[in-house]
Amino acid sequence: MAKIGLDIGHGVNTFPPNKGVYRGGKGYAEHSFNAQLGKRIKELLEANGHTVIMGQQPNKKDVPLTTRTNLYNREKVDIVVSLHANAGASSVEGRCVFYWGTSSKGRRLATHIRDEIKKAGYSTHGDGLHAGVLGTWTNLHITRETNMPAVLIEHGFMTNNKDFELIFGSKQAQYIEDMAVADVKGIQKYFGQNFKSDKPSKSKPTASKPKANPKIRTGGLNEANMNKVTRWLKENTDGWYYTFRGSGGNNPVLRTGGLNAAARKKFGAWLDGEGLWWTTEYTANHRTPTSNNIQIRTGGLSTQGAVGLVSAWLTRNKCYFVGISSRGNPVIVTGGMGTRISKEFTDLLDEHGLWWRTV
Ligand SMILES: [Zn+2]
């Protein structure tokens with residue numbers, strides 16, 4: 001966990017006259033964008049366990065650059081990240097990251113952030129990296145006067161139509177979220193740590209009855225009926241788990257496990273049609289000690305955004321599953337899978353890079 005100097009570019013009094021653009025008679029201040037982005041980045045950095053020191057508070061009077069860098073140096077922050085938006089010719093667009101030319105750590109931090117911005121689907125200005133050199137336009141106070149790796153990120157050009165829509169226009173909310181996530185992901189990469197989202201997953205798994213593994217239990221099957229039932233299950237299910245047990249010596253029972261509501265209805269209707277007795281059971285503990293009642297546990301679905309994908313697949317394949325949330329980390333657990341369907345399910349999870357284990 002690091003101490004991070006988060007530097008919001010400019011202040012509420014900078015524009016007008018400087019650092020902003022006019023469109024249709026209306027003024028748009030760069031600081032207003034930098035401040036909103038900074039607030040979101042602060043939340044994400046703190047959610048990832050970092051301490052944040054801000055040389056400039058959002059929507060407050062501009063703090064001189066020397067005051068800012070003196071603070072970061074005195075506080076001995078681990079890195080400084082300065083947030084800006086660019087201005088130039090109207091044809092120029094894209095995002096870029098400045099670092100001080102002699103700082104290899106600064107270059108590494110800048111590269112990680114640039115890479116995450118590209119991964120999020122946004123273009124860069126040139127290759128998106130600028131090494132600061134004395135006596136040139138890249139000679140920036142914030143990267144030069146800090147004793148630690150420091151980067152200044154230009155989040156697009158306010159003066160370009162496409163970037164303007166992102167920075168101030170209709171796409172602003174999504175853009176601020178995407179840039180905040182990209183910047184913090186880059187910072188996490190620099191520190192060799194995983195990125196933790198602070199948002200609960202939007203889609204919720206539709207679990208039927210948590211902690212219960214619904215089964216259909218038959219009873220009193222003679223050999224012919226037992227064959228009939230197992231054949232039907234083989235032909236009509238996508239690998240529902242079932243097991244045979246003799247109860248009291250000669251009352252052959254067949255139990256299924258992990259059926260969802262649709263599957264129970266289908267199987268029950270068929271049994272009714274055959275005139276066979278059956279009942280529904282719920283087993284609270286679905287860690288049934290049998291060898292082939294396969295249960296698969298996923299995890300980390302919120303950061304992968306995969307809850308919807310996984311629960312839709314399970315619903316489509318008529319599999320029983322429950323959603324559980326472990327400290328805001330949605331987990332989906334299945335139960336009562338046969339060998340074939342469990343293989344198809346884990347192939348799907350592998351294909352999407354999702355973690356799983358057999359329970
Ligand atoms: Zn700026």
# chains A, B, ... in the order shown; residues from 1 in each chain; ligands from 1
call {"tool": "select_by_dssp", "arguments": {"residues": "region 21-66 of chain A", "states": "helix (DSSP H, G or I)", "output": "PyMOL selection string"}}
result
chain A and resi 30-47+65-66
call {"tool": "residues_around", "arguments": {"residues": "Asp7 (chain A)", "least_positions_apart": "5", "cutoff": "7 Å", "atoms": "only C-alpha atoms", "output": "list in words"}}
result
Met54, Gly55, Gln56, Val81, Ser82 and Leu83 of chain A
call {"tool": "residues_near_ligand", "arguments": {"ligand": "ligand 1", "cutoff": "8 Å", "atoms": "only C-alpha atoms and all ligand atoms", "output": "mmCIF file with N, CA and C atoms, in the first residue's frame"}}
result
data_model
loop_
_atom_site.group_PDB
_atom_site.id
_atom_site.type_symbol
_atom_site.label_atom_id
_atom_site.label_comp_id
_atom_site.auth_asym_id
_atom_site.auth_seq_id
_atom_site.Cartn_x
_atom_site.Cartn_y
_atom_site.Cartn_z
ATOM 1 N N GLY A 9 -4.998 19.185 -11.801
ATOM 2 C CA GLY A 9 -4.458 20.312 -12.550
ATOM 3 C C GLY A 9 -5.276 21.591 -12.387
ATOM 4 N N HIS A 10 -4.568 22.697 -12.090
ATOM 5 C CA HIS A 10 -5.158 24.052 -12.032
ATOM 6 C C HIS A 10 -6.162 24.206 -10.883
ATOM 7 N N LYS A 19 -6.643 27.864 -19.644
ATOM 8 C CA LYS A 19 -6.933 26.452 -19.416
ATOM 9 C C LYS A 19 -8.425 26.132 -19.469
ATOM 10 N N GLU A 30 -10.883 23.446 -17.830
ATOM 11 C CA GLU A 30 -10.140 22.193 -17.689
ATOM 12 C C GLU A 30 -10.192 21.702 -16.246
ATOM 13 N N HIS A 31 -10.074 22.647 -15.294
ATOM 14 C CA HIS A 31 -10.065 22.239 -13.880
ATOM 15 C C HIS A 31 -11.330 21.481 -13.487
ATOM 16 N N LEU A 83 -3.229 15.311 -13.027
ATOM 17 C CA LEU A 83 -4.349 15.098 -13.950
ATOM 18 C C LEU A 83 -4.655 16.350 -14.753
ATOM 19 N N HIS A 84 -4.668 16.203 -16.069
ATOM 20 C CA HIS A 84 -4.897 17.342 -16.961
ATOM 21 C C HIS A 84 -5.669 16.928 -18.204
ATOM 22 N N ALA A 85 -6.086 17.955 -18.966
ATOM 23 C CA ALA A 85 -6.577 17.765 -20.332
ATOM 24 C C ALA A 85 -5.845 18.788 -21.198
ATOM 25 N N ASN A 86 -5.603 18.424 -22.439
ATOM 26 C CA ASN A 86 -4.704 19.165 -23.306
ATOM 27 C C ASN A 86 -5.444 20.182 -24.186
ATOM 28 N N GLU A 154 -2.282 13.781 -19.752
ATOM 29 C CA GLU A 154 -3.181 14.637 -20.535
ATOM 30 C C GLU A 154 -4.292 13.729 -21.069
#
call {"tool": "closest_residue", "arguments": {"among": "A:Pro58, A:Gly88, A:Gly192, A:Gly38", "to": "Thr159 (chain A)", "atoms": "only C-alpha atoms"}}
result
A:Gly88
call {"tool": "residues_around", "arguments": {"residues": "Arg264 (chain A)", "least_positions_apart": "5", "cutoff": "9 Å", "atoms": "only C-alpha atoms", "output": "VMD selection string"}}
result
chain A and resid 214 to 216 259 269 280
call {"tool": "residues_around", "arguments": {"residues": "Ser103 (chain A)", "least_positions_apart": "3", "cutoff": "10 Å", "atoms": "only C-alpha atoms", "output": "number ranges by chain"}}
result
A: 99-100, 106-109, 131-132, 143-144, 148-150
call {"tool": "select_by_dssp", "arguments": {"residues": "region 17-255 of chain A", "states": "strand (DSSP E)", "output": "mmCIF file with C-alpha atoms, in the first residue's frame"}}
result
data_model
loop_
_atom_site.group_PDB
_atom_site.id
_atom_site.type_symbol
_atom_site.label_atom_id
_atom_site.label_comp_id
_atom_site.auth_asym_id
_atom_site.auth_seq_id
_atom_site.Cartn_x
_atom_site.Cartn_y
_atom_site.Cartn_z
ATOM 1 C CA GLY A 20 -10.354 25.974 -20.899
ATOM 2 C CA VAL A 21 -12.308 26.201 -24.142
ATOM 3 C CA TYR A 22 -15.387 28.025 -25.467
ATOM 4 C CA ARG A 23 -18.104 26.256 -27.404
ATOM 5 C CA LYS A 26 -20.194 28.676 -23.246
ATOM 6 C CA GLY A 27 -16.939 28.271 -21.327
ATOM 7 C CA TYR A 28 -15.585 24.879 -20.236
ATOM 8 C CA ALA A 29 -12.826 24.866 -17.602
ATOM 9 C CA THR A 51 -3.175 6.826 1.117
ATOM 10 C CA VAL A 52 -3.859 9.884 -1.014
ATOM 11 C CA ILE A 53 -2.219 13.291 -0.546
ATOM 12 C CA MET A 54 -3.696 16.076 -2.662
ATOM 13 C CA ILE A 79 4.598 8.580 -6.678
ATOM 14 C CA VAL A 80 2.871 11.708 -8.007
ATOM 15 C CA VAL A 81 0.088 11.571 -10.589
ATOM 16 C CA SER A 82 -1.030 14.873 -12.086
ATOM 17 C CA LEU A 83 -4.349 15.098 -13.950
ATOM 18 C CA HIS A 84 -4.897 17.342 -16.961
ATOM 19 C CA ALA A 85 -6.577 17.765 -20.332
ATOM 20 C CA ASN A 86 -4.704 19.165 -23.306
ATOM 21 C CA ARG A 95 -4.168 10.875 -24.645
ATOM 22 C CA CYS A 96 -0.552 11.024 -23.457
ATOM 23 C CA VAL A 97 1.574 10.685 -20.337
ATOM 24 C CA PHE A 98 4.620 12.791 -19.416
ATOM 25 C CA TYR A 99 7.442 11.645 -17.133
ATOM 26 C CA TRP A 100 10.878 13.077 -16.396
ATOM 27 C CA THR A 124 -3.049 8.012 -27.727
ATOM 28 C CA HIS A 125 -1.371 11.134 -29.052
ATOM 29 C CA GLY A 126 1.607 9.658 -30.906
ATOM 30 C CA ASP A 127 2.791 6.688 -28.862
ATOM 31 C CA GLY A 128 1.293 8.314 -25.751
ATOM 32 C CA LEU A 129 4.617 8.840 -23.927
ATOM 33 C CA HIS A 130 6.676 12.016 -23.514
ATOM 34 C CA ALA A 131 10.035 12.119 -21.749
ATOM 35 C CA GLY A 132 10.651 15.470 -20.069
ATOM 36 C CA ALA A 150 5.926 11.504 -11.244
ATOM 37 C CA VAL A 151 3.664 11.525 -14.271
ATOM 38 C CA LEU A 152 1.384 14.119 -15.821
ATOM 39 C CA ILE A 153 -1.487 12.649 -17.778
ATOM 40 C CA GLU A 154 -3.181 14.637 -20.535
ATOM 41 C CA HIS A 155 -6.620 13.040 -20.898
ATOM 42 C CA GLY A 156 -7.276 14.091 -24.490
ATOM 43 C CA PHE A 157 -7.552 17.460 -26.226
ATOM 44 C CA ASN A 213 -29.881 -28.373 -3.542
ATOM 45 C CA PRO A 214 -33.271 -29.417 -4.975
ATOM 46 C CA LYS A 215 -33.629 -33.094 -5.733
ATOM 47 C CA ILE A 216 -36.352 -35.350 -6.980
ATOM 48 C CA ARG A 217 -36.554 -38.612 -5.169
ATOM 49 C CA THR A 218 -38.408 -41.567 -6.547
ATOM 50 C CA TYR A 241 -26.680 -35.801 -11.651
ATOM 51 C CA TYR A 242 -28.563 -38.838 -10.462
ATOM 52 C CA THR A 243 -27.800 -41.749 -8.250
ATOM 53 C CA PHE A 244 -29.436 -45.029 -7.436
ATOM 54 C CA ARG A 245 -29.866 -46.370 -3.967
ATOM 55 C CA GLY A 246 -31.613 -49.372 -2.505
ATOM 56 C CA SER A 247 -33.587 -48.302 0.539
ATOM 57 C CA ASN A 251 -37.027 -50.403 -2.274
ATOM 58 C CA PRO A 252 -34.970 -49.088 -5.203
ATOM 59 C CA VAL A 253 -34.780 -45.316 -5.121
ATOM 60 C CA LEU A 254 -33.386 -42.963 -7.712
ATOM 61 C CA ARG A 255 -32.433 -39.470 -6.668
#
call {"tool": "atom_distance", "arguments": {"atom1": "CA of Glu274 (chain A)", "atom2": "CA of Asn222 (chain A)"}}
result
13.1 Å
